[in-house]
>>> print(open('data-v1.tsv').read())   # TSV, C-alpha atoms
chain	number	residue	atom	x	y	z
A	1	MET	CA	68.19	-25.05	-143.34
A	2	ALA	CA	69.74	-21.63	-143.89
A	3	GLY	CA	71.71	-20.31	-146.77
A	4	ASP	CA	70.86	-17.74	-149.38
A	5	ASP	CA	74.03	-18.58	-151.28
A	6	HIS	CA	76.31	-21.59	-151.60
A	7	PHE	CA	78.78	-20.37	-149.01
A	8	SER	CA	76.23	-19.57	-146.33
A	9	LEU	CA	74.51	-22.91	-146.99
A	10	PHE	CA	77.70	-24.52	-145.71
A	11	GLY	CA	78.55	-21.84	-143.14
A	12	LEU	CA	81.73	-20.89	-144.98
A	13	PRO	CA	83.19	-17.48	-145.84
A	14	ALA	CA	82.52	-16.31	-149.41
A	15	ARG	CA	86.13	-16.55	-150.57
A	16	PHE	CA	87.94	-17.94	-153.57
A	17	ASP	CA	90.71	-19.38	-151.41
A	18	LEU	CA	88.59	-22.00	-149.69
A	19	ASP	CA	89.68	-24.81	-147.39
A	20	ALA	CA	88.74	-27.96	-149.35
A	21	GLN	CA	88.52	-30.10	-146.20
A	22	ALA	CA	86.23	-27.60	-144.47
A	23	LEU	CA	84.03	-27.53	-147.57
A	24	GLU	CA	83.78	-31.30	-147.73
A	25	SER	CA	83.05	-31.56	-144.02
A	26	ALA	CA	80.34	-28.89	-144.21
A	27	TRP	CA	78.81	-30.57	-147.27
A	28	ARG	CA	78.72	-33.95	-145.50
A	29	THR	CA	76.98	-32.35	-142.51
A	30	VAL	CA	74.36	-30.62	-144.67
A	31	ALA	CA	73.90	-33.67	-146.89
A	32	ALA	CA	73.31	-35.86	-143.84
A	33	GLN	CA	70.68	-33.46	-142.51
A	34	VAL	CA	68.69	-33.40	-145.75
A	35	HIS	CA	69.33	-36.89	-147.08
A	36	PRO	CA	66.07	-38.28	-148.49
A	37	ASP	CA	66.44	-41.51	-146.48
A	38	ARG	CA	65.92	-39.48	-143.30
A	39	PHE	CA	62.50	-38.50	-144.66
A	40	ALA	CA	61.36	-41.93	-145.85
A	41	THR	CA	58.37	-41.93	-143.48
A	42	ALA	CA	57.60	-38.23	-143.88
A	43	SER	CA	54.78	-36.80	-145.93
A	44	PRO	CA	55.20	-36.53	-149.71
A	45	ALA	CA	55.64	-32.76	-149.37
A	46	GLU	CA	58.39	-33.14	-146.76
A	47	ARG	CA	60.14	-35.78	-148.90
A	48	ARG	CA	59.99	-33.45	-151.91
A	49	VAL	CA	61.48	-30.58	-149.88
A	50	ALA	CA	64.24	-32.88	-148.61
A	51	MET	CA	65.03	-33.92	-152.18
A	52	GLN	CA	65.19	-30.27	-153.23
A	53	TRP	CA	67.55	-29.40	-150.38
A	54	ALA	CA	69.73	-32.44	-151.14
A	55	ALA	CA	69.93	-31.42	-154.80
A	56	ARG	CA	70.76	-27.84	-153.82
A	57	ALA	CA	73.49	-28.99	-151.42
A	58	ASN	CA	75.01	-31.27	-154.06
A	59	GLU	CA	74.99	-28.55	-156.71
A	60	ALA	CA	76.49	-26.01	-154.30
A	61	TYR	CA	79.21	-28.49	-153.36
A	62	ARG	CA	79.92	-29.26	-157.03
A	63	GLN	CA	80.38	-25.56	-157.81
A	64	LEU	CA	82.43	-24.67	-154.76
A	65	ARG	CA	84.86	-27.59	-154.91
A	66	ASP	CA	85.95	-26.70	-158.45
A	67	PRO	CA	88.15	-23.55	-158.34
A	68	LEU	CA	87.08	-22.30	-161.77
A	69	LEU	CA	83.38	-22.79	-161.03
A	70	ARG	CA	83.88	-21.18	-157.61
A	71	ALA	CA	85.48	-18.12	-159.23
A	72	ARG	CA	82.64	-17.90	-161.75
A	73	TYR	CA	80.11	-18.17	-158.94
A	74	LEU	CA	81.76	-15.41	-156.90
A	75	CYS	CA	81.85	-13.11	-159.92
A	76	GLU	CA	78.22	-13.81	-160.77
A	77	GLN	CA	77.16	-13.29	-157.14
A	78	ALA	CA	78.86	-9.89	-157.31
A	79	GLY	CA	76.80	-9.01	-160.37
A	80	VAL	CA	79.46	-9.54	-163.04
A	81	ASP	CA	78.01	-10.88	-166.27
A	82	LEU	CA	80.78	-13.06	-167.65
A	83	GLN	CA	79.18	-13.16	-171.11
A	84	THR	CA	80.92	-16.46	-171.73
A	85	GLU	CA	78.97	-17.16	-174.90
A	86	SER	CA	79.10	-13.74	-176.52
A	87	ASN	CA	82.19	-11.87	-175.31
A	88	THR	CA	85.47	-13.15	-176.69
A	89	SER	CA	87.57	-10.04	-176.08
A	90	MET	CA	90.66	-10.67	-173.98
A	91	ASP	CA	93.94	-9.05	-173.07
A	92	THR	CA	96.28	-8.79	-176.08
A	93	ALA	CA	99.08	-10.66	-174.31
A	94	PHE	CA	96.71	-13.51	-173.51
A	95	LEU	CA	95.48	-13.61	-177.12
A	96	MET	CA	99.10	-13.93	-178.26
A	97	GLN	CA	99.61	-16.71	-175.71
A	98	GLN	CA	96.52	-18.49	-177.08
A	99	MET	CA	98.03	-18.42	-180.57
A	100	THR	CA	101.29	-19.87	-179.27
A	101	TRP	CA	99.44	-22.64	-177.43
A	102	ARG	CA	97.38	-23.45	-180.54
A	103	GLU	CA	100.58	-23.74	-182.59
A	104	MET	CA	102.07	-25.98	-179.91
A	105	MET	CA	98.91	-28.10	-179.98
A	106	ASP	CA	99.41	-28.65	-183.71
A	107	ASP	CA	103.11	-29.48	-183.20
A	108	ALA	CA	102.30	-31.84	-180.30
A	109	ARG	CA	100.72	-34.30	-182.73
A	110	ASN	CA	104.19	-35.31	-183.90
A	111	ASP	CA	106.44	-34.30	-181.03
A	112	ALA	CA	106.15	-35.75	-177.53
A	113	GLY	CA	108.47	-33.05	-176.20
A	114	VAL	CA	106.14	-30.28	-177.38
A	115	LEU	CA	103.21	-32.21	-175.90
A	116	ALA	CA	104.91	-32.35	-172.49
A	117	GLU	CA	105.88	-28.69	-172.71
A	118	LEU	CA	102.32	-27.64	-173.55
A	119	ARG	CA	100.92	-29.64	-170.65
A	120	THR	CA	103.40	-27.99	-168.32
A	121	GLU	CA	102.56	-24.53	-169.64
A	122	LEU	CA	98.83	-25.12	-169.20
A	123	GLU	CA	99.34	-26.34	-165.64
A	124	ASP	CA	101.49	-23.29	-164.91
A	125	ALA	CA	98.75	-21.09	-166.39
A	126	ARG	CA	96.20	-22.73	-164.08
A	127	GLN	CA	98.37	-21.99	-161.06
A	128	GLN	CA	98.82	-18.39	-162.18
A	129	MET	CA	95.05	-18.05	-162.65
A	130	ARG	CA	94.45	-19.35	-159.14
A	131	ALA	CA	96.94	-16.91	-157.65
A	132	ALA	CA	95.52	-14.00	-159.64
A	133	LEU	CA	91.95	-14.86	-158.65
A	134	THR	CA	92.87	-15.17	-154.99
A	135	ARG	CA	94.32	-11.67	-155.20
A	136	LEU	CA	91.48	-10.19	-157.29
A	137	LEU	CA	88.57	-11.81	-155.44
A	138	ASP	CA	89.74	-12.18	-151.85
A	139	GLU	CA	92.11	-9.26	-151.43
A	140	GLN	CA	91.11	-6.56	-153.92
A	141	ARG	CA	87.44	-7.49	-154.41
A	142	ASP	CA	87.87	-6.51	-158.07
A	143	TYR	CA	85.13	-8.68	-159.53
A	144	ALA	CA	85.24	-7.12	-163.01
A	145	ALA	CA	88.96	-7.91	-163.41
A	146	ALA	CA	88.35	-11.34	-161.89
A	147	GLY	CA	85.66	-11.94	-164.52
A	148	LEU	CA	88.20	-11.32	-167.28
A	149	LYS	CA	90.62	-13.73	-165.61
A	150	VAL	CA	87.85	-16.35	-165.30
A	151	ARG	CA	87.21	-16.15	-169.03
A	152	GLU	CA	90.93	-16.65	-169.68
A	153	TRP	CA	90.96	-19.65	-167.36
A	154	MET	CA	87.97	-21.08	-169.22
A	155	PHE	CA	90.03	-20.95	-172.41
A	156	VAL	CA	92.93	-22.74	-170.68
A	157	GLU	CA	90.57	-25.50	-169.51
A	158	LYS	CA	89.02	-25.85	-172.97
A	159	LEU	CA	92.46	-26.16	-174.54
A	160	ALA	CA	93.52	-28.70	-171.89
A	161	GLN	CA	90.41	-30.78	-172.67
A	162	GLU	CA	91.15	-30.65	-176.39
A	163	LEU	CA	94.72	-31.72	-175.68
A	164	ALA	CA	93.55	-34.62	-173.51
A	165	GLN	CA	91.12	-35.77	-176.22
A	166	ALA	CA	93.75	-35.51	-178.93
A	167	HIS	CA	96.37	-37.38	-176.83
A	168	PRO	CA	94.43	-39.69	-174.47
A	169	ASP	CA	97.21	-42.25	-174.04
A	170	SER	CA	100.15	-39.96	-173.48
>>> encode(input="data-v1.tsv", output="structure tokens")
Amino acid sequence: MAGDDHFSLFGLPARFDLDAQALESAWRTVAAQVHPDRFATASPAERRVAMQWAARANEAYRQLRDPLLRARYLCEQAGVDLQTESNTSMDTAFLMQQMTWREMMDDARNDAGVLAELRTELEDARQQMRAALTRLLDEQRDYAAAGLKVREWMFVEKLAQELAQAHPDS
């Protein structure tokens, strides 16, 4: 089984804009090759190695199928430390947008129209993040700028989760 990184494990190009069907097909092929049931009569060492490969394939698939995790992975593979726990600095315009979204989140408690508008804005932000990361990672290979965009997208996802928890039935 080859593959120093997640992409090469599946024989796919290391790109942000990844064909989801090709990824799933490649994962199914790899998973079938290393499935522990195929090694039921093998030695304990061979079964352990098969389990390790199966776990690695599943983790690689989990990261690559999620666009945000895939972007993080590409940045990290390029040596960009995202400092997700310690670095909260962001573009001023994005910080202002965060404040607006937070205010909308407060208003959404009592106004279904604001709730719908915020959901739409967050979905639009996700689409913009995807487009920006395709450009930054696949076309420009600007991993440092992509890292900043990944951190912004992480905020968008966190806010979307908070919104879903605060309004689970709407």
>>> closest_atom_pairs(input="data-v1.tsv", of="stretch 2-68 of chain A", to="stretch 149-163 of chain A", cutoff="12 Å", atoms="all atoms listed in the file", output="CSV")
residue,atom,partner,partner_atom,distance
A:Phe16,CA,A:Val150,CA,11.8
A:Pro67,CA,A:Val150,CA,10.0
A:Leu68,CA,A:Val150,CA,7.0
>>> residues_around(input="data-v1.tsv", residues="A:Cys75", least_positions_apart="6", cutoff="9 Å", atoms="all atoms listed in the file", output="list in words")
Asp81, Leu82, Leu137, Tyr143, Ala144, Ala146, Gly147 and Val150 of chain A
>>> write_last_selection(input="data-v1.tsv", atoms="C-alpha atoms", output="PDB file, in the frame of the given file")
ATOM      1  CA  ASP A  81      78.010 -10.880-166.270  1.00  0.00           C
ATOM      2  CA  LEU A  82      80.780 -13.060-167.650  1.00  0.00           C
ATOM      3  CA  LEU A 137      88.570 -11.810-155.440  1.00  0.00           C
ATOM      4  CA  TYR A 143      85.130  -8.680-159.530  1.00  0.00           C
ATOM      5  CA  ALA A 144      85.240  -7.120-163.010  1.00  0.00           C
ATOM      6  CA  ALA A 146      88.350 -11.340-161.890  1.00  0.00           C
ATOM      7  CA  GLY A 147      85.660 -11.940-164.520  1.00  0.00           C
ATOM      8  CA  VAL A 150      87.850 -16.350-165.300  1.00  0.00           C
TER       9      VAL A 150
END
>>> axis_aligned_box(input="data-v1.tsv", around="stretch 94-106 of chain A", padding_each_side="5 Å", output="lines of an AutoDock Vina configuration file")
center_x = 98.8
center_y = -21.1
center_z = -178.6
size_x = 16.6
size_y = 25.1
size_z = 20.2
>>> residues_around(input="data-v1.tsv", residues="stretch 50-65 of chain A", least_positions_apart="6", cutoff="8 Å", atoms="only C-alpha atoms", output="list in words")
His6, Leu9, Ala20, Leu23, Glu24, Trp27, Val30, Ala31, Val34, His35, Pro36, Phe39 and Tyr73 of chain A
>>> residues_around(input="data-v1.tsv", residues="A:Pro13", least_positions_apart="2", cutoff="12 Å", atoms="all atoms listed in the file", output="list in words")
Gly3, Asp5, His6, Phe7, Ser8, Leu9, Phe10, Gly11, Arg15, Phe16, Asp17, Leu18, Asp19, Ala22, Leu23, Ala26, Leu64, Leu74 and Asp138 of chain A
>>> write_last_selection(input="data-v1.tsv", atoms="C-alpha atoms", output="PDB file, in the frame of the given file")
ATOM      1  CA  GLY A   3      71.710 -20.310-146.770  1.00  0.00           C
ATOM      2  CA  ASP A   5      74.030 -18.580-151.280  1.00  0.00           C
ATOM      3  CA  HIS A   6      76.310 -21.590-151.600  1.00  0.00           C
ATOM      4  CA  PHE A   7      78.780 -20.370-149.010  1.00  0.00           C
ATOM      5  CA  SER A   8      76.230 -19.570-146.330  1.00  0.00           C
ATOM      6  CA  LEU A   9      74.510 -22.910-146.990  1.00  0.00           C
ATOM      7  CA  PHE A  10      77.700 -24.520-145.710  1.00  0.00           C
ATOM      8  CA  GLY A  11      78.550 -21.840-143.140  1.00  0.00           C
ATOM      9  CA  ARG A  15      86.130 -16.550-150.570  1.00  0.00           C
ATOM     10  CA  PHE A  16      87.940 -17.940-153.570  1.00  0.00           C
ATOM     11  CA  ASP A  17      90.710 -19.380-151.410  1.00  0.00           C
ATOM     12  CA  LEU A  18      88.590 -22.000-149.690  1.00  0.00           C
ATOM     13  CA  ASP A  19      89.680 -24.810-147.390  1.00  0.00           C
ATOM     14  CA  ALA A  22      86.230 -27.600-144.470  1.00  0.00           C
ATOM     15  CA  LEU A  23      84.030 -27.530-147.570  1.00  0.00           C
ATOM     16  CA  ALA A  26      80.340 -28.890-144.210  1.00  0.00           C
ATOM     17  CA  LEU A  64      82.430 -24.670-154.760  1.00  0.00           C
ATOM     18  CA  LEU A  74      81.760 -15.410-156.900  1.00  0.00           C
ATOM     19  CA  ASP A 138      89.740 -12.180-151.850  1.00  0.00           C
TER      20      ASP A 138
END
>>> atom_distance(input="data-v1.tsv", atom1="atom CA of A:Ala131", atom2="atom CA of A:Met90")
18.6 Å
>>> decode(input="data-v1.tsv", residues="stretch 88-103 of chain A", atoms="all heavy atoms", output="mmCIF file, in the first residue's frame")
data_model
loop_
_atom_site.group_PDB
_atom_site.id
_atom_site.type_symbol
_atom_site.label_atom_id
_atom_site.label_comp_id
_atom_site.auth_asym_id
_atom_site.auth_seq_id
_atom_site.Cartn_x
_atom_site.Cartn_y
_atom_site.Cartn_z
ATOM 1 N N THR A 88 -5.771 34.663 16.742
ATOM 2 C CA THR A 88 -7.126 35.103 16.417
ATOM 3 C C THR A 88 -7.144 36.324 15.503
ATOM 4 O O THR A 88 -8.203 36.879 15.245
ATOM 5 C CB THR A 88 -7.912 35.427 17.707
ATOM 6 O OG1 THR A 88 -7.195 36.428 18.434
ATOM 7 C CG2 THR A 88 -8.093 34.185 18.557
ATOM 8 N N SER A 89 -5.977 36.734 15.026
ATOM 9 C CA SER A 89 -5.943 37.910 14.149
ATOM 10 C C SER A 89 -6.535 37.557 12.784
ATOM 11 O O SER A 89 -6.300 36.490 12.246
ATOM 12 C CB SER A 89 -4.512 38.420 13.991
ATOM 13 O OG SER A 89 -3.730 37.475 13.316
ATOM 14 N N MET A 90 -7.341 38.476 12.278
ATOM 15 C CA MET A 90 -7.987 38.289 10.980
ATOM 16 C C MET A 90 -8.083 39.633 10.280
ATOM 17 O O MET A 90 -7.900 40.682 10.891
ATOM 18 C CB MET A 90 -9.374 37.682 11.153
ATOM 19 C CG MET A 90 -9.357 36.269 11.657
ATOM 20 S SD MET A 90 -11.008 35.559 11.612
ATOM 21 C CE MET A 90 -10.669 33.993 12.373
ATOM 22 N N ASP A 91 -8.416 39.575 9.029
ATOM 23 C CA ASP A 91 -8.634 40.756 8.206
ATOM 24 C C ASP A 91 -9.696 41.647 8.856
ATOM 25 O O ASP A 91 -10.713 41.154 9.359
ATOM 26 C CB ASP A 91 -9.079 40.300 6.819
ATOM 27 C CG ASP A 91 -9.398 41.455 5.911
ATOM 28 O OD1 ASP A 91 -8.471 42.193 5.564
ATOM 29 O OD2 ASP A 91 -10.586 41.600 5.568
ATOM 30 N N THR A 92 -9.465 42.949 8.835
ATOM 31 C CA THR A 92 -10.378 43.906 9.473
ATOM 32 C C THR A 92 -11.796 43.791 8.912
ATOM 33 O O THR A 92 -12.772 43.816 9.675
ATOM 34 C CB THR A 92 -9.860 45.344 9.298
ATOM 35 O OG1 THR A 92 -8.538 45.412 9.827
ATOM 36 C CG2 THR A 92 -10.740 46.335 10.008
ATOM 37 N N ALA A 93 -11.925 43.658 7.617
ATOM 38 C CA ALA A 93 -13.258 43.542 7.013
ATOM 39 C C ALA A 93 -13.971 42.296 7.522
ATOM 40 O O ALA A 93 -15.181 42.320 7.795
ATOM 41 C CB ALA A 93 -13.151 43.514 5.490
ATOM 42 N N PHE A 94 -13.215 41.203 7.683
ATOM 43 C CA PHE A 94 -13.840 39.981 8.183
ATOM 44 C C PHE A 94 -14.226 40.131 9.656
ATOM 45 O O PHE A 94 -15.278 39.641 10.075
ATOM 46 C CB PHE A 94 -12.933 38.762 7.985
ATOM 47 C CG PHE A 94 -13.625 37.478 8.313
ATOM 48 C CD1 PHE A 94 -14.541 36.929 7.428
ATOM 49 C CD2 PHE A 94 -13.394 36.825 9.508
ATOM 50 C CE1 PHE A 94 -15.209 35.753 7.733
ATOM 51 C CE2 PHE A 94 -14.053 35.647 9.825
ATOM 52 C CZ PHE A 94 -14.965 35.105 8.933
ATOM 53 N N LEU A 95 -13.416 40.827 10.428
ATOM 54 C CA LEU A 95 -13.760 41.078 11.829
ATOM 55 C C LEU A 95 -15.053 41.892 11.928
ATOM 56 O O LEU A 95 -15.907 41.620 12.785
ATOM 57 C CB LEU A 95 -12.618 41.793 12.546
ATOM 58 C CG LEU A 95 -11.361 40.952 12.782
ATOM 59 C CD1 LEU A 95 -10.240 41.827 13.328
ATOM 60 C CD2 LEU A 95 -11.657 39.790 13.718
ATOM 61 N N MET A 96 -15.202 42.864 11.062
ATOM 62 C CA MET A 96 -16.436 43.662 11.039
ATOM 63 C C MET A 96 -17.629 42.779 10.654
ATOM 64 O O MET A 96 -18.713 42.895 11.227
ATOM 65 C CB MET A 96 -16.305 44.846 10.082
ATOM 66 C CG MET A 96 -15.241 45.862 10.487
ATOM 67 S SD MET A 96 -15.484 46.551 12.134
ATOM 68 C CE MET A 96 -16.947 47.521 11.875
ATOM 69 N N GLN A 97 -17.398 41.883 9.695
ATOM 70 C CA GLN A 97 -18.465 40.960 9.284
ATOM 71 C C GLN A 97 -18.842 40.043 10.449
ATOM 72 O O GLN A 97 -20.025 39.763 10.661
ATOM 73 C CB GLN A 97 -18.015 40.143 8.069
ATOM 74 C CG GLN A 97 -19.074 39.191 7.560
ATOM 75 C CD GLN A 97 -20.312 39.924 7.075
ATOM 76 O OE1 GLN A 97 -20.251 40.711 6.146
ATOM 77 N NE2 GLN A 97 -21.449 39.679 7.705
ATOM 78 N N GLN A 98 -17.860 39.593 11.205
ATOM 79 C CA GLN A 98 -18.138 38.757 12.380
ATOM 80 C C GLN A 98 -19.071 39.488 13.349
ATOM 81 O O GLN A 98 -20.020 38.896 13.873
ATOM 82 C CB GLN A 98 -16.849 38.423 13.124
ATOM 83 C CG GLN A 98 -16.006 37.359 12.507
ATOM 84 C CD GLN A 98 -14.779 37.066 13.373
ATOM 85 O OE1 GLN A 98 -14.776 37.276 14.572
ATOM 86 N NE2 GLN A 98 -13.734 36.571 12.745
ATOM 87 N N MET A 99 -18.775 40.755 13.594
ATOM 88 C CA MET A 99 -19.600 41.542 14.516
ATOM 89 C C MET A 99 -21.033 41.649 13.995
ATOM 90 O O MET A 99 -21.998 41.498 14.769
ATOM 91 C CB MET A 99 -18.986 42.925 14.729
ATOM 92 C CG MET A 99 -17.721 42.866 15.548
ATOM 93 S SD MET A 99 -16.801 44.417 15.793
ATOM 94 C CE MET A 99 -17.956 45.701 15.611
ATOM 95 N N THR A 100 -21.176 41.862 12.712
ATOM 96 C CA THR A 100 -22.516 41.945 12.116
ATOM 97 C C THR A 100 -23.251 40.620 12.283
ATOM 98 O O THR A 100 -24.431 40.593 12.663
ATOM 99 C CB THR A 100 -22.418 42.325 10.623
ATOM 100 O OG1 THR A 100 -21.773 43.585 10.512
ATOM 101 C CG2 THR A 100 -23.784 42.370 9.968
ATOM 102 N N TRP A 101 -22.562 39.520 12.007
ATOM 103 C CA TRP A 101 -23.194 38.204 12.144
ATOM 104 C C TRP A 101 -23.576 37.917 13.596
ATOM 105 O O TRP A 101 -24.629 37.347 13.858
ATOM 106 C CB TRP A 101 -22.280 37.117 11.607
ATOM 107 C CG TRP A 101 -22.222 37.049 10.107
ATOM 108 C CD1 TRP A 101 -23.171 37.446 9.210
ATOM 109 C CD2 TRP A 101 -21.151 36.538 9.329
ATOM 110 N NE1 TRP A 101 -22.756 37.205 7.925
ATOM 111 C CE2 TRP A 101 -21.515 36.645 7.963
ATOM 112 C CE3 TRP A 101 -19.913 35.993 9.637
ATOM 113 C CZ2 TRP A 101 -20.695 36.226 6.928
ATOM 114 C CZ3 TRP A 101 -19.088 35.569 8.603
ATOM 115 C CH2 TRP A 101 -19.473 35.688 7.256
ATOM 116 N N ARG A 102 -22.736 38.311 14.524
ATOM 117 C CA ARG A 102 -23.047 38.115 15.953
ATOM 118 C C ARG A 102 -24.300 38.911 16.341
ATOM 119 O O ARG A 102 -25.150 38.408 17.077
ATOM 120 C CB ARG A 102 -21.863 38.520 16.830
ATOM 121 C CG ARG A 102 -20.725 37.553 16.800
ATOM 122 C CD ARG A 102 -21.032 36.364 17.650
ATOM 123 N NE ARG A 102 -19.961 35.391 17.581
ATOM 124 C CZ ARG A 102 -20.121 34.110 17.847
ATOM 125 N NH1 ARG A 102 -21.292 33.660 18.220
ATOM 126 N NH2 ARG A 102 -19.109 33.279 17.760
ATOM 127 N N GLU A 103 -24.409 40.131 15.843
ATOM 128 C CA GLU A 103 -25.601 40.939 16.116
ATOM 129 C C GLU A 103 -26.833 40.283 15.496
ATOM 130 O O GLU A 103 -27.906 40.239 16.116
ATOM 131 C CB GLU A 103 -25.422 42.353 15.580
ATOM 132 C CG GLU A 103 -24.411 43.169 16.360
ATOM 133 C CD GLU A 103 -24.072 44.506 15.701
ATOM 134 O OE1 GLU A 103 -24.674 44.844 14.649
ATOM 135 O OE2 GLU A 103 -23.185 45.200 16.237
#
